[in-house]
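Here is start.tsv, consisting of TSV, C-alpha atoms:
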```
chain	number	residue	atom	x	y	z
S	37	MET	CA	-58.09	-84.88	36.48
S	38	ILE	CA	-56.38	-82.53	34.02
S	39	LYS	CA	-54.08	-84.53	31.72
S	40	LYS	CA	-52.51	-81.81	29.58
S	41	ILE	CA	-53.09	-78.74	27.44
S	42	ASN	CA	-54.94	-80.23	24.49
S	43	HIS	CA	-54.82	-77.07	22.40
S	44	VAL	CA	-54.64	-73.30	22.32
S	45	ALA	CA	-57.16	-71.78	19.91
S	46	ILE	CA	-56.31	-68.64	17.98
S	47	ILE	CA	-58.98	-66.75	16.03
S	48	VAL	CA	-57.75	-65.46	12.68
S	49	PRO	CA	-59.41	-63.58	9.82
S	50	ASP	CA	-57.57	-65.56	7.12
S	51	LEU	CA	-55.97	-69.01	7.36
S	52	ASP	CA	-53.50	-68.62	4.50
S	53	SER	CA	-51.89	-65.47	5.83
S	54	SER	CA	-51.71	-66.91	9.36
S	55	LEU	CA	-50.07	-70.07	8.02
S	56	THR	CA	-47.25	-67.98	6.57
S	57	PHE	CA	-46.22	-67.45	10.20
S	58	TRP	CA	-47.17	-70.64	12.08
S	59	ARG	CA	-46.31	-73.10	9.30
S	60	ASP	CA	-43.84	-71.37	7.01
S	61	ALA	CA	-41.84	-69.26	9.48
S	62	LEU	CA	-42.06	-71.37	12.68
S	63	GLY	CA	-41.99	-74.69	10.84
S	64	LEU	CA	-45.06	-76.27	12.46
S	65	LYS	CA	-46.88	-78.88	10.37
S	66	VAL	CA	-50.56	-78.65	9.48
S	67	GLU	CA	-51.99	-82.03	10.45
S	68	HIS	CA	-55.38	-81.35	8.94
S	69	VAL	CA	-57.94	-78.66	8.21
S	70	GLU	CA	-61.57	-79.26	9.17
S	71	GLU	CA	-64.81	-77.36	8.79
S	72	VAL	CA	-66.51	-77.42	12.19
S	73	LYS	CA	-70.10	-76.63	11.25
S	74	SER	CA	-71.39	-76.46	14.83
S	75	GLN	CA	-68.87	-73.68	15.49
S	76	GLU	CA	-69.31	-72.02	12.08
S	77	SER	CA	-65.59	-72.07	11.44
S	78	ILE	CA	-62.73	-73.73	9.59
S	79	VAL	CA	-59.98	-75.00	11.87
S	80	ALA	CA	-56.35	-75.79	11.01
S	81	PHE	CA	-54.69	-78.17	13.51
S	82	LEU	CA	-50.92	-77.79	14.04
S	83	PRO	CA	-49.44	-80.34	16.47
S	84	THR	CA	-46.88	-78.79	18.85
S	85	GLY	CA	-45.27	-81.33	21.17
S	86	ASP	CA	-48.07	-83.13	22.99
S	87	SER	CA	-50.55	-80.30	22.29
S	88	GLU	CA	-51.87	-78.42	19.27
S	89	ILE	CA	-52.16	-74.89	18.02
S	90	GLU	CA	-55.58	-74.47	16.42
S	91	LEU	CA	-56.12	-71.63	13.96
S	92	VAL	CA	-59.84	-70.87	13.79
S	93	LYS	CA	-61.30	-68.87	10.93
S	94	PRO	CA	-65.00	-67.94	11.30
S	95	THR	CA	-67.24	-68.87	8.35
S	96	SER	CA	-70.21	-66.73	9.42
S	97	GLU	CA	-70.64	-63.37	11.06
S	98	THR	CA	-72.83	-64.72	13.84
S	99	SER	CA	-70.52	-67.26	15.48
S	100	GLY	CA	-68.78	-66.61	18.77
S	101	ALA	CA	-65.45	-66.64	16.92
S	102	ALA	CA	-66.65	-63.97	14.46
S	103	LYS	CA	-67.87	-61.74	17.27
S	104	PHE	CA	-64.56	-62.13	19.11
S	105	LEU	CA	-62.71	-61.21	15.91
S	106	ALA	CA	-64.87	-58.14	15.29
S	107	LYS	CA	-64.51	-56.94	18.87
S	108	ARG	CA	-60.91	-57.77	19.76
S	109	GLY	CA	-59.14	-58.65	16.52
S	110	ALA	CA	-57.10	-61.78	15.91
S	111	GLY	CA	-55.59	-63.45	18.96
S	112	MET	CA	-55.80	-66.22	21.52
S	113	HIS	CA	-59.41	-67.23	22.14
S	114	HIS	CA	-59.34	-70.18	24.53
S	115	ILE	CA	-57.19	-72.85	26.09
S	116	ALA	CA	-58.42	-76.44	26.06
S	117	LEU	CA	-57.45	-78.75	28.91
S	118	GLU	CA	-57.82	-82.48	28.36
S	119	VAL	CA	-59.59	-84.29	31.20
S	120	ASP	CA	-60.19	-87.97	31.87
S	121	ASN	CA	-63.75	-87.69	33.17
S	122	LEU	CA	-65.64	-84.66	31.90
S	123	ASP	CA	-69.02	-85.45	33.46
S	124	GLU	CA	-67.56	-85.92	36.92
S	125	MET	CA	-65.50	-82.75	36.62
S	126	LEU	CA	-68.50	-80.65	35.57
S	127	VAL	CA	-70.49	-81.84	38.60
S	128	ASP	CA	-67.53	-81.11	40.85
S	129	LEU	CA	-66.89	-77.64	39.40
S	130	LYS	CA	-70.55	-76.69	39.67
S	131	ALA	CA	-70.57	-77.79	43.32
S	132	LYS	CA	-67.53	-75.57	43.89
S	133	GLY	CA	-69.40	-72.55	42.51
S	134	ILE	CA	-67.48	-72.33	39.21
S	135	ARG	CA	-69.55	-70.65	36.48
S	136	LEU	CA	-69.97	-73.04	33.54
S	137	ILE	CA	-71.02	-71.99	30.04
S	138	ASN	CA	-71.96	-75.62	29.30
S	139	GLU	CA	-73.29	-77.59	32.25
S	140	THR	CA	-73.63	-80.60	29.98
S	141	PRO	CA	-71.05	-81.46	27.30
S	142	ILE	CA	-71.24	-80.22	23.72
S	143	ILE	CA	-69.65	-81.91	20.70
S	144	ALA	CA	-66.40	-80.15	19.72
S	145	ALA	CA	-64.04	-80.44	16.74
S	146	GLY	CA	-63.10	-84.04	16.00
S	147	GLY	CA	-66.40	-85.28	17.50
S	148	TYR	CA	-65.11	-85.19	21.07
S	149	ARG	CA	-67.10	-84.07	24.11
S	150	ALA	CA	-66.23	-80.71	25.63
S	151	ALA	CA	-67.57	-77.96	27.90
S	152	PHE	CA	-66.56	-74.34	28.41
S	153	ILE	CA	-65.94	-72.61	31.72
S	154	HIS	CA	-66.87	-68.92	31.91
S	155	PRO	CA	-63.86	-66.53	31.98
S	156	GLU	CA	-65.38	-64.89	35.05
S	157	SER	CA	-64.44	-67.99	37.07
S	158	ALA	CA	-61.09	-68.57	35.33
S	159	SER	CA	-58.90	-65.46	35.63
S	160	GLY	CA	-60.41	-63.93	32.50
S	161	VAL	CA	-59.57	-66.99	30.40
S	162	LEU	CA	-62.09	-68.93	28.34
S	163	VAL	CA	-61.26	-72.52	29.35
S	164	GLU	CA	-62.48	-75.55	27.43
S	165	LEU	CA	-62.49	-78.92	29.13
S	166	TYR	CA	-62.05	-81.60	26.50
S	167	GLN	CA	-62.32	-85.37	26.77
S	168	LYS	CA	-60.83	-87.73	24.19
V	73	MET	CA	-37.37	-76.37	15.57
V	74	ILE	CA	-40.39	-75.96	17.85
V	75	LYS	CA	-40.39	-78.73	20.49
V	76	LYS	CA	-43.60	-78.03	22.40
V	77	ILE	CA	-45.74	-75.46	24.16
V	78	ASN	CA	-43.58	-74.60	27.15
V	79	HIS	CA	-46.22	-72.50	28.88
V	80	VAL	CA	-49.26	-70.30	28.56
V	81	ALA	CA	-48.99	-67.14	30.66
V	82	ILE	CA	-52.07	-65.64	32.27
V	83	ILE	CA	-51.95	-62.19	33.86
V	84	VAL	CA	-53.91	-61.99	37.10
V	85	PRO	CA	-54.48	-59.21	39.66
V	86	ASP	CA	-54.24	-61.57	42.64
V	87	LEU	CA	-52.56	-64.98	42.88
V	88	ASP	CA	-54.56	-66.34	45.80
V	89	SER	CA	-57.94	-65.77	44.22
V	90	SER	CA	-56.75	-67.20	40.87
V	91	LEU	CA	-55.40	-70.27	42.64
V	92	THR	CA	-58.87	-71.03	43.99
V	93	PHE	CA	-59.74	-71.89	40.39
V	94	TRP	CA	-56.57	-73.33	38.82
V	95	ARG	CA	-55.36	-75.23	41.89
V	96	ASP	CA	-58.36	-75.83	44.12
V	97	ALA	CA	-61.10	-76.32	41.53
V	98	LEU	CA	-59.18	-77.82	38.58
V	99	GLY	CA	-56.73	-79.74	40.77
V	100	LEU	CA	-53.48	-78.51	39.16
V	101	LYS	CA	-50.43	-78.49	41.42
V	102	VAL	CA	-48.35	-75.38	42.10
V	103	GLU	CA	-44.78	-76.49	41.45
V	104	HIS	CA	-43.26	-73.26	42.69
V	105	VAL	CA	-43.78	-69.51	42.99
V	106	GLU	CA	-40.98	-67.19	41.90
V	107	GLU	CA	-40.44	-63.45	41.90
V	108	VAL	CA	-39.16	-62.52	38.43
V	109	LYS	CA	-37.58	-59.14	39.10
V	110	SER	CA	-36.72	-58.43	35.45
V	111	GLN	CA	-40.43	-58.74	34.63
V	112	GLU	CA	-41.62	-57.00	37.82
V	113	SER	CA	-43.93	-59.84	38.65
V	114	ILE	CA	-44.53	-62.89	40.82
V	115	VAL	CA	-45.15	-66.07	38.83
V	116	ALA	CA	-46.85	-69.29	39.96
V	117	PHE	CA	-45.91	-72.32	37.84
V	118	LEU	CA	-48.54	-75.06	37.47
V	119	PRO	CA	-47.36	-78.06	35.40
V	120	THR	CA	-50.04	-79.35	33.02
V	121	GLY	CA	-48.96	-82.44	31.07
V	122	ASP	CA	-45.72	-81.58	29.32
V	123	SER	CA	-46.39	-77.81	29.57
V	124	GLU	CA	-47.19	-75.29	32.28
V	125	ILE	CA	-49.81	-72.75	33.12
V	126	GLU	CA	-48.09	-69.64	34.48
V	127	LEU	CA	-50.08	-67.21	36.59
V	128	VAL	CA	-48.34	-63.82	36.48
V	129	LYS	CA	-49.13	-61.13	39.04
V	130	PRO	CA	-47.51	-57.73	38.37
V	131	THR	CA	-45.55	-56.24	41.27
V	132	SER	CA	-45.28	-52.73	39.82
V	133	GLU	CA	-47.55	-50.48	37.81
V	134	THR	CA	-44.99	-49.93	35.08
V	135	SER	CA	-44.36	-53.47	33.85
V	136	GLY	CA	-45.79	-54.80	30.60
V	137	ALA	CA	-47.95	-57.18	32.61
V	138	ALA	CA	-49.39	-54.34	34.70
V	139	LYS	CA	-50.21	-52.30	31.61
V	140	PHE	CA	-51.90	-55.34	30.01
V	141	LEU	CA	-53.95	-55.85	33.18
V	142	ALA	CA	-55.00	-52.18	33.35
V	143	LYS	CA	-55.98	-52.11	29.68
V	144	ARG	CA	-57.54	-55.53	29.05
V	145	GLY	CA	-58.13	-57.09	32.46
V	146	ALA	CA	-57.01	-60.54	33.53
V	147	GLY	CA	-56.51	-63.10	30.77
V	148	MET	CA	-54.07	-64.92	28.51
V	149	HIS	CA	-50.99	-62.81	27.83
V	150	HIS	CA	-48.63	-64.96	25.79
V	151	ILE	CA	-47.82	-68.46	24.63
V	152	ALA	CA	-44.25	-69.72	24.98
V	153	LEU	CA	-42.93	-72.22	22.47
V	154	GLU	CA	-39.82	-74.18	23.39
V	155	VAL	CA	-37.15	-74.24	20.68
V	156	ASP	CA	-33.89	-76.14	20.38
V	157	ASN	CA	-31.80	-73.34	18.87
V	158	LEU	CA	-33.04	-69.86	19.72
V	159	ASP	CA	-30.22	-67.89	18.07
V	160	GLU	CA	-30.59	-69.69	14.77
V	161	MET	CA	-34.35	-69.30	14.83
V	162	LEU	CA	-34.16	-65.54	15.48
V	163	VAL	CA	-31.83	-65.06	12.50
V	164	ASP	CA	-34.15	-67.16	10.35
V	165	LEU	CA	-37.32	-65.34	11.44
V	166	LYS	CA	-35.76	-61.95	10.88
V	167	ALA	CA	-34.70	-63.01	7.38
V	168	LYS	CA	-38.30	-64.06	6.72
V	169	GLY	CA	-39.54	-60.59	7.67
V	170	ILE	CA	-41.08	-61.57	11.02
V	171	ARG	CA	-41.24	-58.63	13.44
V	172	LEU	CA	-39.26	-59.45	16.59
V	173	ILE	CA	-39.61	-57.62	19.89
V	174	ASN	CA	-36.21	-59.05	20.97
V	175	GLU	CA	-33.70	-59.57	18.20
V	176	THR	CA	-31.28	-60.91	20.78
V	177	PRO	CA	-32.37	-63.15	23.66
V	178	ILE	CA	-33.41	-61.85	27.06
V	179	ILE	CA	-33.27	-63.81	30.33
V	180	ALA	CA	-36.72	-65.13	31.27
V	181	ALA	CA	-38.15	-66.83	34.37
V	182	GLY	CA	-35.98	-69.71	35.55
V	183	GLY	CA	-32.88	-68.09	34.06
V	184	TYR	CA	-33.55	-69.41	30.56
V	185	ARG	CA	-33.01	-67.49	27.32
V	186	ALA	CA	-36.06	-66.25	25.47
V	187	ALA	CA	-37.24	-63.75	22.86
V	188	PHE	CA	-40.65	-62.35	22.02
V	189	ILE	CA	-42.22	-62.12	18.56
V	190	HIS	CA	-44.49	-59.13	17.92
V	191	PRO	CA	-48.23	-60.01	17.75
V	192	GLU	CA	-48.40	-58.15	14.45
V	193	SER	CA	-46.47	-61.01	12.83
V	194	ALA	CA	-48.20	-63.79	14.79
V	195	SER	CA	-51.99	-63.59	14.27
V	196	GLY	CA	-52.39	-61.11	17.12
V	197	VAL	CA	-50.65	-63.45	19.59
V	198	LEU	CA	-47.66	-62.46	21.72
V	199	VAL	CA	-45.36	-65.46	21.14
V	200	GLU	CA	-42.33	-66.17	23.32
V	201	LEU	CA	-39.60	-68.43	22.00
V	202	TYR	CA	-37.94	-70.17	24.91
V	203	GLN	CA	-34.83	-72.32	25.06
V	204	LYS	CA	-34.09	-74.66	27.95
```
How does the structure come out when it is put into structure tokens?
Amino acid sequence: MIKKINHVAIIVPDLDSSLTFWRDALGLKVEHVEEVKSQESIVAFLPTGDSEIELVKPTSETSGAAKFLAKRGAGMHHIALEVDNLDEMLVDLKAKGIRLINETPIIAAGGYRAAFIHPESASGVLVELYQK
Amino acid sequence: MIKKINHVAIIVPDLDSSLTFWRDALGLKVEHVEEVKSQESIVAFLPTGDSEIELVKPTSETSGAAKFLAKRGAGMHHIALEVDNLDEMLVDLKAKGIRLINETPIIAAGGYRAAFIHPESASGVLVELYQK
């Protein structure tokens, strides 16, 4: 079952200049900033209601985030939906013919388990399923 | 003040085929479907926790949504942040040099007042401020 939007991830070339908008102009608070080595990026987490805005700055040129940035520029990268049973959902989605990028969970920011659904199956949207 | 993510809007070429993923595979419920004439589109609202996923299908070839679809294909179009005082926030953002698409509120889906911030000021993201 989908519980909520956990976060919306936005790829940015520079955290400081992005924070002048999201933090300084909109007034969102930065809860913490974390280097996510597995994703070769630094992530700033800004709680927004029951969800978060995540600003993701690539730290290498080879990561998925860096390639997205080079190809499309800064912008929304994925939406993460929080689920209560990731393993069960992945089996169910696969049985329904949904194209999964990760058929078994990976470890995402914060140490939580997650899996991505291919945009081809999700109206052009990169969807992350995320279990806390 | 930003209260929460009100919705994430996804532009799609066909509602029925998108609903096979968001409703049938993920299990989200369609709360209602509404024709938003001012935006030349039909919108399906799918509550997700305290927010909504909105699937937006253009009904003309001249709307912003239709142009987005023709240029970039289906995908995330904007994120809407719910605010408690839209007028005050627009004055404040303008004073801070943020580029606004709407300096005065427009009427959005559901009859609520809203205004868009230009992606140039918002890390490449089209941000809607939305007051209920």
Distance of atom CA of S:Met112 from atom CA of S:Ala150, expressed in Å to one decimal place: 18.3 Å
Least-squares fit of chain V onto chain S (C-alpha, ordered pairing) as an mmCIF file with C-alpha atoms, in the coordinates of the input:
```
data_model
loop_
_atom_site.group_PDB
_atom_site.id
_atom_site.type_symbol
_atom_site.label_atom_id
_atom_site.label_comp_id
_atom_site.auth_asym_id
_atom_site.auth_seq_id
_atom_site.Cartn_x
_atom_site.Cartn_y
_atom_site.Cartn_z
ATOM 1 C CA MET V 73 -58.074 -84.883 36.502
ATOM 2 C CA ILE V 74 -56.379 -82.532 34.035
ATOM 3 C CA LYS V 75 -54.088 -84.539 31.717
ATOM 4 C CA LYS V 76 -52.518 -81.820 29.576
ATOM 5 C CA ILE V 77 -53.080 -78.757 27.435
ATOM 6 C CA ASN V 78 -54.947 -80.229 24.487
ATOM 7 C CA HIS V 79 -54.832 -77.066 22.401
ATOM 8 C CA VAL V 80 -54.651 -73.305 22.318
ATOM 9 C CA ALA V 81 -57.165 -71.786 19.902
ATOM 10 C CA ILE V 82 -56.314 -68.639 17.977
ATOM 11 C CA ILE V 83 -58.987 -66.768 16.028
ATOM 12 C CA VAL V 84 -57.743 -65.476 12.687
ATOM 13 C CA PRO V 85 -59.411 -63.590 9.811
ATOM 14 C CA ASP V 86 -57.572 -65.566 7.124
ATOM 15 C CA LEU V 87 -55.964 -69.012 7.348
ATOM 16 C CA ASP V 88 -53.500 -68.621 4.493
ATOM 17 C CA SER V 89 -51.905 -65.468 5.821
ATOM 18 C CA SER V 90 -51.716 -66.913 9.365
ATOM 19 C CA LEU V 91 -50.085 -70.059 8.015
ATOM 20 C CA THR V 92 -47.246 -67.982 6.575
ATOM 21 C CA PHE V 93 -46.221 -67.445 10.197
ATOM 22 C CA TRP V 94 -47.173 -70.628 12.080
ATOM 23 C CA ARG V 95 -46.295 -73.083 9.304
ATOM 24 C CA ASP V 96 -43.830 -71.368 6.998
ATOM 25 C CA ALA V 97 -41.866 -69.260 9.479
ATOM 26 C CA LEU V 98 -42.060 -71.358 12.672
ATOM 27 C CA GLY V 99 -41.990 -74.692 10.837
ATOM 28 C CA LEU V 100 -45.069 -76.278 12.472
ATOM 29 C CA LYS V 101 -46.880 -78.883 10.387
ATOM 30 C CA VAL V 102 -50.566 -78.645 9.481
ATOM 31 C CA GLU V 103 -51.977 -82.036 10.436
ATOM 32 C CA HIS V 104 -55.375 -81.350 8.932
ATOM 33 C CA VAL V 105 -57.947 -78.654 8.197
ATOM 34 C CA GLU V 106 -61.563 -79.271 9.172
ATOM 35 C CA GLU V 107 -64.808 -77.372 8.791
ATOM 36 C CA VAL V 108 -66.515 -77.410 12.201
ATOM 37 C CA LYS V 109 -70.097 -76.615 11.250
ATOM 38 C CA SER V 110 -71.380 -76.443 14.840
ATOM 39 C CA GLN V 111 -68.854 -73.663 15.493
ATOM 40 C CA GLU V 112 -69.292 -72.009 12.073
ATOM 41 C CA SER V 113 -65.593 -72.066 11.438
ATOM 42 C CA ILE V 114 -62.733 -73.729 9.587
ATOM 43 C CA VAL V 115 -59.978 -75.001 11.877
ATOM 44 C CA ALA V 116 -56.350 -75.800 11.018
ATOM 45 C CA PHE V 117 -54.697 -78.177 13.504
ATOM 46 C CA LEU V 118 -50.938 -77.792 14.032
ATOM 47 C CA PRO V 119 -49.455 -80.342 16.477
ATOM 48 C CA THR V 120 -46.896 -78.798 18.840
ATOM 49 C CA GLY V 121 -45.275 -81.340 21.170
ATOM 50 C CA ASP V 122 -48.068 -83.132 22.984
ATOM 51 C CA SER V 123 -50.563 -80.302 22.288
ATOM 52 C CA GLU V 124 -51.878 -78.415 19.280
ATOM 53 C CA ILE V 125 -52.163 -74.896 18.030
ATOM 54 C CA GLU V 126 -55.587 -74.453 16.431
ATOM 55 C CA LEU V 127 -56.117 -71.632 13.966
ATOM 56 C CA VAL V 128 -59.848 -70.870 13.796
ATOM 57 C CA LYS V 129 -61.308 -68.869 10.919
ATOM 58 C CA PRO V 130 -65.001 -67.946 11.297
ATOM 59 C CA THR V 131 -67.237 -68.863 8.359
ATOM 60 C CA SER V 132 -70.209 -66.738 9.428
ATOM 61 C CA GLU V 133 -70.638 -63.359 11.058
ATOM 62 C CA THR V 134 -72.815 -64.708 13.842
ATOM 63 C CA SER V 135 -70.524 -67.257 15.483
ATOM 64 C CA GLY V 136 -68.764 -66.615 18.780
ATOM 65 C CA ALA V 137 -65.454 -66.632 16.931
ATOM 66 C CA ALA V 138 -66.648 -63.982 14.470
ATOM 67 C CA LYS V 139 -67.880 -61.741 17.271
ATOM 68 C CA PHE V 140 -64.542 -62.138 19.102
ATOM 69 C CA LEU V 141 -62.693 -61.209 15.904
ATOM 70 C CA ALA V 142 -64.877 -58.136 15.278
ATOM 71 C CA LYS V 143 -64.509 -56.929 18.862
ATOM 72 C CA ARG V 144 -60.906 -57.769 19.779
ATOM 73 C CA GLY V 145 -59.145 -58.651 16.534
ATOM 74 C CA ALA V 146 -57.111 -61.777 15.908
ATOM 75 C CA GLY V 147 -55.580 -63.451 18.954
ATOM 76 C CA MET V 148 -55.815 -66.227 21.525
ATOM 77 C CA HIS V 149 -59.423 -67.237 22.132
ATOM 78 C CA HIS V 150 -59.340 -70.180 24.516
ATOM 79 C CA ILE V 151 -57.189 -72.852 26.093
ATOM 80 C CA ALA V 152 -58.432 -76.446 26.071
ATOM 81 C CA LEU V 153 -57.449 -78.746 28.906
ATOM 82 C CA GLU V 154 -57.829 -82.478 28.371
ATOM 83 C CA VAL V 155 -59.600 -84.293 31.208
ATOM 84 C CA ASP V 156 -60.184 -87.971 31.885
ATOM 85 C CA ASN V 157 -63.750 -87.693 33.188
ATOM 86 C CA LEU V 158 -65.631 -84.665 31.898
ATOM 87 C CA ASP V 159 -69.018 -85.454 33.469
ATOM 88 C CA GLU V 160 -67.560 -85.921 36.922
ATOM 89 C CA MET V 161 -65.501 -82.765 36.622
ATOM 90 C CA LEU V 162 -68.507 -80.652 35.575
ATOM 91 C CA VAL V 163 -70.498 -81.839 38.603
ATOM 92 C CA ASP V 164 -67.523 -81.102 40.845
ATOM 93 C CA LEU V 165 -66.891 -77.631 39.397
ATOM 94 C CA LYS V 166 -70.533 -76.680 39.664
ATOM 95 C CA ALA V 167 -70.558 -77.777 43.310
ATOM 96 C CA LYS V 168 -67.518 -75.559 43.890
ATOM 97 C CA GLY V 169 -69.387 -72.548 42.503
ATOM 98 C CA ILE V 170 -67.484 -72.326 39.203
ATOM 99 C CA ARG V 171 -69.541 -70.644 36.471
ATOM 100 C CA LEU V 172 -69.981 -73.036 33.539
ATOM 101 C CA ILE V 173 -71.010 -71.991 30.044
ATOM 102 C CA ASN V 174 -71.976 -75.637 29.308
ATOM 103 C CA GLU V 175 -73.292 -77.606 32.246
ATOM 104 C CA THR V 176 -73.634 -80.600 29.960
ATOM 105 C CA PRO V 177 -71.059 -81.458 27.289
ATOM 106 C CA ILE V 178 -71.238 -80.216 23.717
ATOM 107 C CA ILE V 179 -69.632 -81.898 20.693
ATOM 108 C CA ALA V 180 -66.393 -80.139 19.722
ATOM 109 C CA ALA V 181 -64.013 -80.422 16.756
ATOM 110 C CA GLY V 182 -63.075 -84.023 16.014
ATOM 111 C CA GLY V 183 -66.356 -85.263 17.479
ATOM 112 C CA TYR V 184 -65.094 -85.178 21.062
ATOM 113 C CA ARG V 185 -67.094 -84.052 24.097
ATOM 114 C CA ALA V 186 -66.240 -80.711 25.637
ATOM 115 C CA ALA V 187 -67.579 -77.958 27.892
ATOM 116 C CA PHE V 188 -66.571 -74.349 28.393
ATOM 117 C CA ILE V 189 -65.946 -72.607 31.719
ATOM 118 C CA HIS V 190 -66.879 -68.920 31.908
ATOM 119 C CA PRO V 191 -63.858 -66.541 31.976
ATOM 120 C CA GLU V 192 -65.369 -64.894 35.039
ATOM 121 C CA SER V 193 -64.442 -67.990 37.062
ATOM 122 C CA ALA V 194 -61.094 -68.584 35.329
ATOM 123 C CA SER V 195 -58.899 -65.458 35.624
ATOM 124 C CA GLY V 196 -60.426 -63.922 32.503
ATOM 125 C CA VAL V 197 -59.570 -66.995 30.399
ATOM 126 C CA LEU V 198 -62.104 -68.938 28.333
ATOM 127 C CA VAL V 199 -61.246 -72.521 29.358
ATOM 128 C CA GLU V 200 -62.481 -75.554 27.432
ATOM 129 C CA LEU V 201 -62.507 -78.932 29.133
ATOM 130 C CA TYR V 202 -62.045 -81.619 26.523
ATOM 131 C CA GLN V 203 -62.318 -85.385 26.773
ATOM 132 C CA LYS V 204 -60.812 -87.727 24.199
#
```
Per-residue nearest contacts of chain V to chain S (6 Å; only C-alpha atoms) as a Markdown table:
```
| residue | atom | partner | partner_atom | distance |
| --- | --- | --- | --- | --- |
| V:Lys75 | CA | S:Gly85 | CA | 5.6 |
| V:Lys76 | CA | S:Gly85 | CA | 3.9 |
| V:Ser90 | CA | S:Ser159 | CA | 5.9 |
| V:Thr120 | CA | S:Lys40 | CA | 4.9 |
| V:Gly121 | CA | S:Lys40 | CA | 3.9 |
| V:Ala146 | CA | S:Gly160 | CA | 4.9 |
| V:Gly147 | CA | S:Gly160 | CA | 4.3 |
| V:Ser195 | CA | S:Ala110 | CA | 5.7 |
| V:Gly196 | CA | S:Gly111 | CA | 4.4 |
| V:Val197 | CA | S:Gly111 | CA | 5.0 |
```
Pairwise distance for atom CA of S:Leu126 and atom CA of S:Gly147, rounded to one decimal in Å: 18.8 Å
Straight-line distance linking atom CA of S:Gln75 with atom CA of S:Ala101, stated in Å to one decimal: 8.0 Å
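Closest approach to V:Asp156 among V:Leu201, V:Ala81, V:Val115, V:Leu141: V:Leu201, based on all atoms listed in the file.
Across S:Ala102, S:Arg59, S:Lys168, S:Ile153, the tightest approach to S:Glu76 is made by S:Ala102 when counting all atoms listed in the file.
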